[in-house]
$ cat my_file_13.txt   # compact mmCIF, C-alpha atoms
# COMPACT_ATOMS: atom_id res chain seq x y z
CA MET O 1 -159.13 60.68 36.32
CA THR O 2 -158.11 58.12 38.92
CA LYS O 3 -157.22 60.59 41.57
CA ILE O 4 -157.19 58.03 44.36
CA LYS O 5 -155.53 54.66 44.54
CA PHE O 6 -156.36 52.13 47.22
CA ASP O 7 -154.13 49.36 48.46
CA ILE O 8 -155.13 46.70 51.00
CA LYS O 9 -152.79 44.94 53.43
CA GLU O 10 -154.62 42.10 55.05
CA GLU O 11 -153.72 41.33 58.66
CA GLU O 12 -155.13 38.64 60.91
CA ASP O 13 -157.80 40.76 62.53
CA TRP O 14 -157.96 43.86 60.35
CA ASN O 15 -157.33 45.24 56.90
CA VAL O 16 -155.09 48.24 56.46
CA LEU O 17 -156.55 50.41 53.71
CA LEU O 18 -153.81 52.60 52.30
CA PHE O 19 -154.83 55.36 49.96
CA GLU O 20 -152.74 57.59 47.78
CA LEU O 21 -153.81 60.70 45.85
CA ASP O 22 -152.21 61.59 42.54
CA GLY O 23 -153.40 65.19 42.76
CA PRO O 24 -155.35 67.53 45.01
CA LEU O 25 -158.86 66.36 45.72
CA VAL O 26 -161.90 68.62 45.40
CA PRO O 27 -165.14 68.01 47.34
CA ASP O 28 -166.97 66.98 44.16
CA ASP O 29 -164.58 64.01 43.82
CA LEU O 30 -166.32 62.35 46.78
CA LYS O 31 -169.25 61.60 44.44
CA SER O 32 -167.18 59.24 42.32
CA ILE O 33 -164.92 57.58 44.89
CA ASN O 34 -165.68 53.92 45.23
CA PRO O 35 -163.85 52.48 48.24
CA PRO O 36 -162.97 48.79 47.98
CA ARG O 37 -165.18 46.18 49.58
CA LEU O 38 -163.68 44.92 52.83
CA LYS O 39 -164.77 42.13 55.16
CA GLY O 40 -167.05 43.48 57.89
CA THR O 41 -165.89 40.72 60.25
CA LYS O 42 -162.45 42.34 60.39
CA GLY O 43 -161.47 45.81 61.50
CA VAL O 44 -160.33 48.50 59.08
CA VAL O 45 -157.34 50.79 59.57
CA LEU O 46 -157.31 53.87 57.33
CA SER O 47 -153.95 55.26 56.29
CA GLY O 48 -152.88 57.93 53.83
CA ARG O 49 -152.40 61.63 53.27
CA GLY O 50 -155.57 63.43 52.36
CA PRO O 51 -158.06 66.05 53.47
CA ILE O 52 -159.98 65.51 56.68
CA TRP O 53 -163.26 65.30 54.75
CA LEU O 54 -161.90 62.36 52.72
CA TYR O 55 -161.26 60.62 56.04
CA GLY O 56 -164.77 61.55 57.18
CA PHE O 57 -166.20 60.04 54.01
CA LEU O 58 -164.21 56.80 54.52
CA VAL O 59 -165.08 56.59 58.23
CA HIS O 60 -168.75 56.76 57.31
CA HIS O 61 -168.30 54.21 54.54
CA TYR O 62 -166.64 51.60 56.74
CA HIS O 63 -168.58 52.16 59.94
CA PRO O 64 -170.40 48.79 59.78
CA THR O 65 -167.07 46.91 60.10
CA LYS O 66 -165.84 45.26 63.30
CA PHE O 67 -163.84 48.33 64.32
CA LEU O 68 -162.31 51.32 62.64
CA ALA O 69 -158.93 52.91 63.29
CA ILE O 70 -156.94 55.73 61.75
CA PHE O 71 -153.19 55.49 61.33
CA ASP O 72 -151.34 58.49 62.75
CA PRO O 73 -147.64 58.63 61.73
CA ARG O 74 -146.79 60.85 64.73
CA ILE O 75 -148.11 58.17 67.08
CA ASP O 76 -146.96 55.38 64.75
CA GLY O 77 -150.08 53.34 65.27
CA GLY O 78 -153.73 53.00 64.40
CA ILE O 79 -156.03 54.81 66.81
CA ILE O 80 -159.37 53.06 67.28
CA ILE O 81 -162.19 55.55 66.80
CA GLU O 82 -165.18 53.20 66.90
CA SER O 83 -165.73 49.55 67.72
CA HIS O 84 -168.44 46.94 67.67
CA ALA O 85 -166.13 44.42 69.38
CA PRO O 86 -165.47 44.29 73.13
CA ASP O 87 -161.81 43.36 72.64
CA TYR O 88 -161.10 46.56 70.68
CA GLN O 89 -161.74 49.75 72.60
CA VAL O 90 -162.01 53.33 71.38
CA GLY O 91 -158.78 55.18 72.17
CA GLU O 92 -156.57 52.10 71.96
CA VAL O 93 -153.55 52.18 69.66
CA LEU O 94 -152.92 49.27 67.29
CA LYS O 95 -149.40 48.47 66.28
CA ILE O 96 -149.45 48.53 62.48
CA GLU O 97 -146.63 46.59 60.86
CA GLU O 98 -147.57 47.65 57.40
CA GLY O 99 -147.76 51.41 57.73
CA PRO O 100 -147.07 53.64 54.76
CA GLU O 101 -143.42 53.89 53.82
CA MET A 102 -158.38 68.16 82.49
CA THR A 103 -160.88 69.72 80.06
CA LYS A 104 -158.74 69.33 77.01
CA ILE A 105 -161.57 69.97 74.57
CA LYS A 106 -164.17 72.72 74.54
CA PHE A 107 -167.23 72.55 72.33
CA ASP A 108 -169.25 75.46 71.07
CA ILE A 109 -172.48 75.22 69.06
CA LYS A 110 -173.72 77.73 66.49
CA GLU A 111 -177.25 76.88 65.55
CA GLU A 112 -178.27 77.57 61.96
CA GLU A 113 -181.62 76.99 60.31
CA ASP A 114 -180.84 73.55 58.92
CA TRP A 115 -177.67 72.54 60.72
CA ASN A 116 -175.59 73.02 63.83
CA VAL A 117 -171.97 74.05 63.53
CA LEU A 118 -169.98 72.24 66.21
CA LEU A 119 -166.78 74.13 66.87
CA PHE A 120 -164.20 72.47 69.03
CA GLU A 121 -161.04 73.83 70.54
CA LEU A 122 -158.22 71.94 72.23
CA ASP A 123 -156.28 73.49 75.08
CA GLY A 124 -153.40 71.05 74.66
CA PRO A 125 -152.28 68.14 72.53
CA LEU A 126 -154.69 65.23 72.56
CA VAL A 127 -153.59 61.64 73.13
CA PRO A 128 -155.59 58.64 71.86
CA ASP A 129 -156.62 57.71 75.39
CA ASP A 130 -158.50 61.03 75.67
CA LEU A 131 -161.13 59.68 73.28
CA LYS A 132 -162.42 57.52 76.14
CA SER A 133 -163.52 60.55 78.14
CA ILE A 134 -164.73 62.93 75.43
CA ASN A 135 -168.43 63.54 75.66
CA PRO A 136 -169.65 65.39 72.56
CA PRO A 137 -172.70 67.59 73.11
CA ARG A 138 -176.14 66.30 72.23
CA LEU A 139 -177.35 67.77 68.94
CA LYS A 140 -180.70 67.49 67.18
CA GLY A 141 -180.71 64.58 64.71
CA THR A 142 -183.26 66.37 62.54
CA LYS A 143 -180.61 68.93 61.64
CA GLY A 144 -177.26 68.46 59.97
CA VAL A 145 -173.97 68.81 61.83
CA VAL A 146 -170.91 70.68 60.57
CA LEU A 147 -167.67 69.85 62.41
CA SER A 148 -165.06 72.57 62.68
CA GLY A 149 -161.81 72.87 64.60
CA ARG A 150 -158.12 72.04 64.64
CA GLY A 151 -157.40 68.57 65.85
CA PRO A 152 -156.01 65.18 64.87
CA ILE A 153 -157.70 63.23 62.12
CA TRP A 154 -158.71 60.50 64.61
CA LEU A 155 -160.61 63.06 66.70
CA TYR A 156 -162.57 63.90 63.55
CA GLY A 157 -163.10 60.19 62.92
CA PHE A 158 -164.44 59.79 66.44
CA LEU A 159 -166.84 62.73 65.98
CA VAL A 160 -167.97 61.57 62.52
CA HIS A 161 -168.92 58.23 64.04
CA HIS A 162 -170.64 59.91 66.96
CA TYR A 163 -172.86 62.12 64.83
CA HIS A 164 -173.55 59.75 61.98
CA PRO A 165 -177.27 59.32 62.85
CA THR A 166 -177.91 63.04 62.17
CA LYS A 167 -179.56 64.40 59.02
CA PHE A 168 -176.22 65.00 57.33
CA LEU A 169 -172.64 65.53 58.35
CA ALA A 170 -170.13 68.01 56.96
CA ILE A 171 -166.57 69.00 57.81
CA PHE A 172 -165.46 72.59 57.59
CA ASP A 173 -162.28 73.07 55.54
CA PRO A 174 -160.71 76.52 55.90
CA ARG A 175 -158.88 76.14 52.56
CA ILE A 176 -162.20 75.66 50.80
CA ASP A 177 -163.98 78.00 53.21
CA GLY A 178 -167.03 75.80 53.46
CA GLY A 179 -168.45 72.66 54.98
CA ILE A 180 -167.99 69.59 52.80
CA ILE A 181 -170.83 67.08 53.12
CA ILE A 182 -169.41 63.62 53.77
CA GLU A 183 -172.62 61.70 54.47
CA SER A 184 -176.31 62.42 54.18
CA HIS A 185 -179.65 60.88 54.99
CA ALA A 186 -181.48 63.73 53.22
CA PRO A 187 -182.00 63.95 49.45
CA ASP A 188 -181.54 67.74 49.43
CA TYR A 189 -178.00 67.44 50.85
CA GLN A 190 -175.59 65.46 48.71
CA VAL A 191 -172.18 64.06 49.52
CA GLY A 192 -169.48 66.28 47.99
CA GLU A 193 -171.54 69.47 48.17
CA VAL A 194 -170.05 72.49 49.90
CA LEU A 195 -172.11 74.42 52.45
CA LYS A 196 -171.48 78.08 52.95
CA ILE A 197 -170.78 78.46 56.65
CA GLU A 198 -171.34 81.98 57.98
CA GLU A 199 -170.07 81.14 61.43
CA GLY A 200 -166.71 79.58 60.71
CA PRO A 201 -163.89 79.78 63.22
CA GLU A 202 -162.23 83.17 63.40
$ encode --input "my_file_13.txt" --output "structure tokens"
Amino acid sequence: MTKIKFDIKEEEDWNVLLFELDGPLVPDDLKSINPPRLKGTKGVVLSGRGPIWLYGFLVHHYHPTKFLAIFDPRIDGGIIIESHAPDYQVGEVLKIEEGPE
Amino acid sequence: MTKIKFDIKEEEDWNVLLFELDGPLVPDDLKSINPPRLKGTKGVVLSGRGPIWLYGFLVHHYHPTKFLAIFDPRIDGGIIIESHAPDYQVGEVLKIEEGPE
């Protein structure tokens, strides 16, 4: 019952965490999702199609990392939503080379 | 340029934070959004239509509260995505009386 698959694209200053669901997620699935370990010294960019509460769960999970961004295909970039680093500001858009296909 | 309006419905053990946008949000707007102060001893349930990165921003903002849930109209409940309280578990669904109309 691997409903979620994670893929990591490592960039110089952040990791892009791509996720893919192989079926609809139910809230109870959050109990068994184990997001991959990522370096806290780099930022994390979340990317994938899934419910907003899956994103909320992942945002909470990765909040100790350098900064956190969410890829938005309509904007074609990663929007920084939190940052512990002065050179990455909330509201900035990161150009993501390795977006989802 | 009040693009976002917040409304709070106080329940016994959590606050429902409803937000409403009066126009499309751009990433830069995150710099000026000031979410209302809510009691940390209660949970927070986020509810509203907006981009996933607005939710990410709000999840980060309220993460010190007792627990955090996101209302999903398809599930008709608030899905707990993080919790500091043993009686509220990640993946549980809260029945929200005061959902958006």
$ interface_residues --input "my_file_13.txt" --of "chain O" --to "chain A" --cutoff "8 Å" --atoms "only C-alpha atoms" --output "PyMOL selection string"
chain O and resi 27-31+52-57+59-60+63+69-70+72+79-82+90-93
$ calpha_fit_and_write --input "my_file_13.txt" --fixed "chain A" --moving "chain O" --output "PDB file with C-alpha atoms, in the coordinates of the input"
ATOM      1  CA  MET O   1    -158.422  68.159  82.471  1.00  0.00           C
ATOM      2  CA  THR O   2    -160.881  69.729  80.053  1.00  0.00           C
ATOM      3  CA  LYS O   3    -158.745  69.341  77.019  1.00  0.00           C
ATOM      4  CA  ILE O   4    -161.576  69.973  74.584  1.00  0.00           C
ATOM      5  CA  LYS O   5    -164.152  72.713  74.520  1.00  0.00           C
ATOM      6  CA  PHE O   6    -167.230  72.553  72.336  1.00  0.00           C
ATOM      7  CA  ASP O   7    -169.237  75.476  71.067  1.00  0.00           C
ATOM      8  CA  ILE O   8    -172.470  75.223  69.065  1.00  0.00           C
ATOM      9  CA  LYS O   9    -173.708  77.741  66.494  1.00  0.00           C
ATOM     10  CA  GLU O  10    -177.235  76.894  65.554  1.00  0.00           C
ATOM     11  CA  GLU O  11    -178.253  77.582  61.959  1.00  0.00           C
ATOM     12  CA  GLU O  12    -181.604  76.995  60.313  1.00  0.00           C
ATOM     13  CA  ASP O  13    -180.836  73.566  58.935  1.00  0.00           C
ATOM     14  CA  TRP O  14    -177.655  72.545  60.732  1.00  0.00           C
ATOM     15  CA  ASN O  15    -175.577  73.029  63.838  1.00  0.00           C
ATOM     16  CA  VAL O  16    -171.963  74.058  63.535  1.00  0.00           C
ATOM     17  CA  LEU O  17    -169.990  72.242  66.220  1.00  0.00           C
ATOM     18  CA  LEU O  18    -166.788  74.142  66.876  1.00  0.00           C
ATOM     19  CA  PHE O  19    -164.188  72.469  69.016  1.00  0.00           C
ATOM     20  CA  GLU O  20    -161.041  73.844  70.532  1.00  0.00           C
ATOM     21  CA  LEU O  21    -158.205  71.949  72.238  1.00  0.00           C
ATOM     22  CA  ASP O  22    -156.271  73.492  75.099  1.00  0.00           C
ATOM     23  CA  GLY O  23    -153.390  71.056  74.665  1.00  0.00           C
ATOM     24  CA  PRO O  24    -152.279  68.138  72.522  1.00  0.00           C
ATOM     25  CA  LEU O  25    -154.683  65.238  72.562  1.00  0.00           C
ATOM     26  CA  VAL O  26    -153.581  61.644  73.129  1.00  0.00           C
ATOM     27  CA  PRO O  27    -155.585  58.645  71.854  1.00  0.00           C
ATOM     28  CA  ASP O  28    -156.622  57.702  75.398  1.00  0.00           C
ATOM     29  CA  ASP O  29    -158.489  61.031  75.672  1.00  0.00           C
ATOM     30  CA  LEU O  30    -161.123  59.681  73.267  1.00  0.00           C
ATOM     31  CA  LYS O  31    -162.421  57.521  76.143  1.00  0.00           C
ATOM     32  CA  SER O  32    -163.532  60.542  78.141  1.00  0.00           C
ATOM     33  CA  ILE O  33    -164.729  62.933  75.436  1.00  0.00           C
ATOM     34  CA  ASN O  34    -168.429  63.523  75.662  1.00  0.00           C
ATOM     35  CA  PRO O  35    -169.645  65.385  72.574  1.00  0.00           C
ATOM     36  CA  PRO O  36    -172.709  67.573  73.111  1.00  0.00           C
ATOM     37  CA  ARG O  37    -176.150  66.293  72.228  1.00  0.00           C
ATOM     38  CA  LEU O  38    -177.354  67.757  68.940  1.00  0.00           C
ATOM     39  CA  LYS O  39    -180.702  67.492  67.173  1.00  0.00           C
ATOM     40  CA  GLY O  40    -180.701  64.573  64.732  1.00  0.00           C
ATOM     41  CA  THR O  41    -183.255  66.373  62.549  1.00  0.00           C
ATOM     42  CA  LYS O  42    -180.604  68.945  61.636  1.00  0.00           C
ATOM     43  CA  GLY O  43    -177.252  68.457  59.976  1.00  0.00           C
ATOM     44  CA  VAL O  44    -173.964  68.815  61.835  1.00  0.00           C
ATOM     45  CA  VAL O  45    -170.907  70.686  60.577  1.00  0.00           C
ATOM     46  CA  LEU O  46    -167.669  69.855  62.403  1.00  0.00           C
ATOM     47  CA  SER O  47    -165.057  72.576  62.685  1.00  0.00           C
ATOM     48  CA  GLY O  48    -161.805  72.881  64.596  1.00  0.00           C
ATOM     49  CA  ARG O  49    -158.126  72.043  64.629  1.00  0.00           C
ATOM     50  CA  GLY O  50    -157.394  68.565  65.849  1.00  0.00           C
ATOM     51  CA  PRO O  51    -156.015  65.180  64.880  1.00  0.00           C
ATOM     52  CA  ILE O  52    -157.718  63.226  62.130  1.00  0.00           C
ATOM     53  CA  TRP O  53    -158.707  60.499  64.602  1.00  0.00           C
ATOM     54  CA  LEU O  54    -160.612  63.064  66.701  1.00  0.00           C
ATOM     55  CA  TYR O  55    -162.566  63.899  63.547  1.00  0.00           C
ATOM     56  CA  GLY O  56    -163.103  60.184  62.921  1.00  0.00           C
ATOM     57  CA  PHE O  57    -164.448  59.784  66.443  1.00  0.00           C
ATOM     58  CA  LEU O  58    -166.847  62.743  65.985  1.00  0.00           C
ATOM     59  CA  VAL O  59    -167.971  61.580  62.528  1.00  0.00           C
ATOM     60  CA  HIS O  60    -168.914  58.235  64.033  1.00  0.00           C
ATOM     61  CA  HIS O  61    -170.644  59.905  66.966  1.00  0.00           C
ATOM     62  CA  TYR O  62    -172.862  62.131  64.836  1.00  0.00           C
ATOM     63  CA  HIS O  63    -173.554  59.759  61.970  1.00  0.00           C
ATOM     64  CA  PRO O  64    -177.264  59.323  62.832  1.00  0.00           C
ATOM     65  CA  THR O  65    -177.915  63.047  62.172  1.00  0.00           C
ATOM     66  CA  LYS O  66    -179.563  64.409  59.025  1.00  0.00           C
ATOM     67  CA  PHE O  67    -176.215  65.019  57.326  1.00  0.00           C
ATOM     68  CA  LEU O  68    -172.642  65.541  58.359  1.00  0.00           C
ATOM     69  CA  ALA O  69    -170.126  68.009  56.960  1.00  0.00           C
ATOM     70  CA  ILE O  70    -166.577  69.001  57.797  1.00  0.00           C
ATOM     71  CA  PHE O  71    -165.443  72.603  57.597  1.00  0.00           C
ATOM     72  CA  ASP O  72    -162.279  73.053  55.541  1.00  0.00           C
ATOM     73  CA  PRO O  73    -160.709  76.540  55.892  1.00  0.00           C
ATOM     74  CA  ARG O  74    -158.878  76.165  52.552  1.00  0.00           C
ATOM     75  CA  ILE O  75    -162.206  75.646  50.792  1.00  0.00           C
ATOM     76  CA  ASP O  76    -163.993  77.997  53.202  1.00  0.00           C
ATOM     77  CA  GLY O  77    -167.035  75.797  53.464  1.00  0.00           C
ATOM     78  CA  GLY O  78    -168.451  72.650  54.977  1.00  0.00           C
ATOM     79  CA  ILE O  79    -167.977  69.583  52.799  1.00  0.00           C
ATOM     80  CA  ILE O  80    -170.818  67.079  53.114  1.00  0.00           C
ATOM     81  CA  ILE O  81    -169.402  63.624  53.772  1.00  0.00           C
ATOM     82  CA  GLU O  82    -172.614  61.705  54.460  1.00  0.00           C
ATOM     83  CA  SER O  83    -176.314  62.429  54.179  1.00  0.00           C
ATOM     84  CA  HIS O  84    -179.646  60.882  54.995  1.00  0.00           C
ATOM     85  CA  ALA O  85    -181.474  63.733  53.224  1.00  0.00           C
ATOM     86  CA  PRO O  86    -182.007  63.950  49.458  1.00  0.00           C
ATOM     87  CA  ASP O  87    -181.529  67.728  49.422  1.00  0.00           C
ATOM     88  CA  TYR O  88    -177.995  67.449  50.844  1.00  0.00           C
ATOM     89  CA  GLN O  89    -175.594  65.471  48.701  1.00  0.00           C
ATOM     90  CA  VAL O  90    -172.171  64.061  49.521  1.00  0.00           C
ATOM     91  CA  GLY O  91    -169.490  66.279  47.981  1.00  0.00           C
ATOM     92  CA  GLU O  92    -171.543  69.467  48.170  1.00  0.00           C
ATOM     93  CA  VAL O  93    -170.043  72.498  49.897  1.00  0.00           C
ATOM     94  CA  LEU O  94    -172.113  74.418  52.449  1.00  0.00           C
ATOM     95  CA  LYS O  95    -171.474  78.080  52.931  1.00  0.00           C
ATOM     96  CA  ILE O  96    -170.789  78.457  56.650  1.00  0.00           C
ATOM     97  CA  GLU O  97    -171.339  81.959  57.982  1.00  0.00           C
ATOM     98  CA  GLU O  98    -170.093  81.111  61.403  1.00  0.00           C
ATOM     99  CA  GLY O  99    -166.740  79.528  60.672  1.00  0.00           C
ATOM    100  CA  PRO O 100    -163.937  79.702  63.199  1.00  0.00           C
ATOM    101  CA  GLU O 101    -162.296  83.093  63.467  1.00  0.00           C
TER     102      GLU O 101
END
$ atom_distance --input "my_file_13.txt" --atom1 "atom CA of Pro136 of chain A" --atom2 "atom CA of Val16 of chain O"
27.7 Å
$ atom_distance --input "my_file_13.txt" --atom1 "atom CA of Ile4 of chain O" --atom2 "atom CA of Glu20 of chain O"
5.6 Å
$ closest_residue --input "my_file_13.txt" --among "O:Lys3, O:Lys95, O:His84, O:Lys9" --to "Leu38 of chain O" --atoms "only C-alpha atoms"
O:Lys9
$ closest_residue --input "my_file_13.txt" --among "A:Pro137, A:Pro125, A:Pro165, A:Gly178" --to "Asp108 of chain A" --atoms "all atoms listed in the file"
A:Pro137
$ atom_distance --input "my_file_13.txt" --atom1 "atom CA of Trp115 of chain A" --atom2 "atom CA of Glu198 of chain A"
11.7 Å
$ residues_near_point --input "my_file_13.txt" --point "(-156.8, 57.2, 53.5)" --cutoff "7 Å" --atoms "all atoms listed in the file" --output "short mmCIF file (atom, residue, chain, number, x, y, z; two decimals) with C-alpha atoms, keeping the file's coordinate frame"
data_model
loop_
_atom_site.label_atom_id
_atom_site.label_comp_id
_atom_site.auth_asym_id
_atom_site.auth_seq_id
_atom_site.Cartn_x
_atom_site.Cartn_y
_atom_site.Cartn_z
CA LEU O 17 -156.55 50.41 53.71
CA LEU O 18 -153.81 52.60 52.30
CA PHE O 19 -154.83 55.36 49.96
CA LEU O 46 -157.31 53.87 57.33
CA SER O 47 -153.95 55.26 56.29
CA GLY O 48 -152.88 57.93 53.83
CA ARG O 49 -152.40 61.63 53.27
CA GLY O 50 -155.57 63.43 52.36
CA TYR O 55 -161.26 60.62 56.04
#
$ build_atoms --input "my_file_13.txt" --residues "segment 3-24 of chain O" --atoms "N, CA and C atoms" --output "PDB file, in the coordinates of the input"
ATOM      1  N   LYS O   3    -157.924  59.713  40.651  1.00  0.00           N
ATOM      2  CA  LYS O   3    -157.220  60.590  41.570  1.00  0.00           C
ATOM      3  C   LYS O   3    -156.789  59.864  42.834  1.00  0.00           C
ATOM      4  N   ILE O   4    -157.477  58.753  43.122  1.00  0.00           N
ATOM      5  CA  ILE O   4    -157.190  58.030  44.360  1.00  0.00           C
ATOM      6  C   ILE O   4    -156.931  56.560  44.061  1.00  0.00           C
ATOM      7  N   LYS O   5    -155.895  56.051  44.720  1.00  0.00           N
ATOM      8  CA  LYS O   5    -155.530  54.660  44.540  1.00  0.00           C
ATOM      9  C   LYS O   5    -155.597  53.989  45.900  1.00  0.00           C
ATOM     10  N   PHE O   6    -156.248  52.853  45.955  1.00  0.00           N
ATOM     11  CA  PHE O   6    -156.360  52.130  47.220  1.00  0.00           C
ATOM     12  C   PHE O   6    -155.485  50.888  47.191  1.00  0.00           C
ATOM     13  N   ASP O   7    -154.935  50.567  48.329  1.00  0.00           N
ATOM     14  CA  ASP O   7    -154.130  49.360  48.460  1.00  0.00           C
ATOM     15  C   ASP O   7    -154.533  48.705  49.792  1.00  0.00           C
ATOM     16  N   ILE O   8    -154.673  47.393  49.785  1.00  0.00           N
ATOM     17  CA  ILE O   8    -155.130  46.700  51.000  1.00  0.00           C
ATOM     18  C   ILE O   8    -154.029  45.770  51.512  1.00  0.00           C
ATOM     19  N   LYS O   9    -153.721  45.883  52.796  1.00  0.00           N
ATOM     20  CA  LYS O   9    -152.790  44.940  53.430  1.00  0.00           C
ATOM     21  C   LYS O   9    -153.610  44.158  54.441  1.00  0.00           C
ATOM     22  N   GLU O  10    -153.781  42.899  54.167  1.00  0.00           N
ATOM     23  CA  GLU O  10    -154.620  42.100  55.050  1.00  0.00           C
ATOM     24  C   GLU O  10    -153.833  41.557  56.230  1.00  0.00           C
ATOM     25  N   GLU O  11    -154.316  41.855  57.424  1.00  0.00           N
ATOM     26  CA  GLU O  11    -153.720  41.330  58.660  1.00  0.00           C
ATOM     27  C   GLU O  11    -154.715  40.347  59.269  1.00  0.00           C
ATOM     28  N   GLU O  12    -154.282  39.685  60.341  1.00  0.00           N
ATOM     29  CA  GLU O  12    -155.130  38.640  60.910  1.00  0.00           C
ATOM     30  C   GLU O  12    -156.507  39.159  61.327  1.00  0.00           C
ATOM     31  N   ASP O  13    -156.524  40.297  62.002  1.00  0.00           N
ATOM     32  CA  ASP O  13    -157.800  40.760  62.530  1.00  0.00           C
ATOM     33  C   ASP O  13    -158.273  42.088  61.931  1.00  0.00           C
ATOM     34  N   TRP O  14    -157.511  42.626  61.001  1.00  0.00           N
ATOM     35  CA  TRP O  14    -157.960  43.860  60.350  1.00  0.00           C
ATOM     36  C   TRP O  14    -157.330  43.985  58.971  1.00  0.00           C
ATOM     37  N   ASN O  15    -157.912  44.847  58.176  1.00  0.00           N
ATOM     38  CA  ASN O  15    -157.330  45.240  56.900  1.00  0.00           C
ATOM     39  C   ASN O  15    -156.811  46.654  57.015  1.00  0.00           C
ATOM     40  N   VAL O  16    -155.594  46.874  56.546  1.00  0.00           N
ATOM     41  CA  VAL O  16    -155.090  48.240  56.460  1.00  0.00           C
ATOM     42  C   VAL O  16    -155.438  48.739  55.059  1.00  0.00           C
ATOM     43  N   LEU O  17    -156.191  49.818  55.001  1.00  0.00           N
ATOM     44  CA  LEU O  17    -156.550  50.410  53.710  1.00  0.00           C
ATOM     45  C   LEU O  17    -155.668  51.637  53.507  1.00  0.00           C
ATOM     46  N   LEU O  18    -154.700  51.485  52.624  1.00  0.00           N
ATOM     47  CA  LEU O  18    -153.810  52.600  52.300  1.00  0.00           C
ATOM     48  C   LEU O  18    -154.372  53.325  51.093  1.00  0.00           C
ATOM     49  N   PHE O  19    -154.423  54.634  51.163  1.00  0.00           N
ATOM     50  CA  PHE O  19    -154.830  55.360  49.960  1.00  0.00           C
ATOM     51  C   PHE O  19    -153.758  56.370  49.588  1.00  0.00           C
ATOM     52  N   GLU O  20    -153.733  56.667  48.303  1.00  0.00           N
ATOM     53  CA  GLU O  20    -152.740  57.590  47.780  1.00  0.00           C
ATOM     54  C   GLU O  20    -153.446  58.466  46.740  1.00  0.00           C
ATOM     55  N   LEU O  21    -153.206  59.766  46.811  1.00  0.00           N
ATOM     56  CA  LEU O  21    -153.810  60.700  45.850  1.00  0.00           C
ATOM     57  C   LEU O  21    -152.770  61.075  44.815  1.00  0.00           C
ATOM     58  N   ASP O  22    -153.189  61.154  43.547  1.00  0.00           N
ATOM     59  CA  ASP O  22    -152.210  61.590  42.540  1.00  0.00           C
ATOM     60  C   ASP O  22    -152.437  63.054  42.154  1.00  0.00           C
ATOM     61  N   GLY O  23    -153.169  63.767  42.979  1.00  0.00           N
ATOM     62  CA  GLY O  23    -153.400  65.190  42.760  1.00  0.00           C
ATOM     63  C   GLY O  23    -154.317  65.690  43.851  1.00  0.00           C
ATOM     64  N   PRO O  24    -154.481  67.010  43.943  1.00  0.00           N
ATOM     65  CA  PRO O  24    -155.350  67.530  45.010  1.00  0.00           C
ATOM     66  C   PRO O  24    -156.808  67.141  44.752  1.00  0.00           C
TER      67      PRO O  24
END
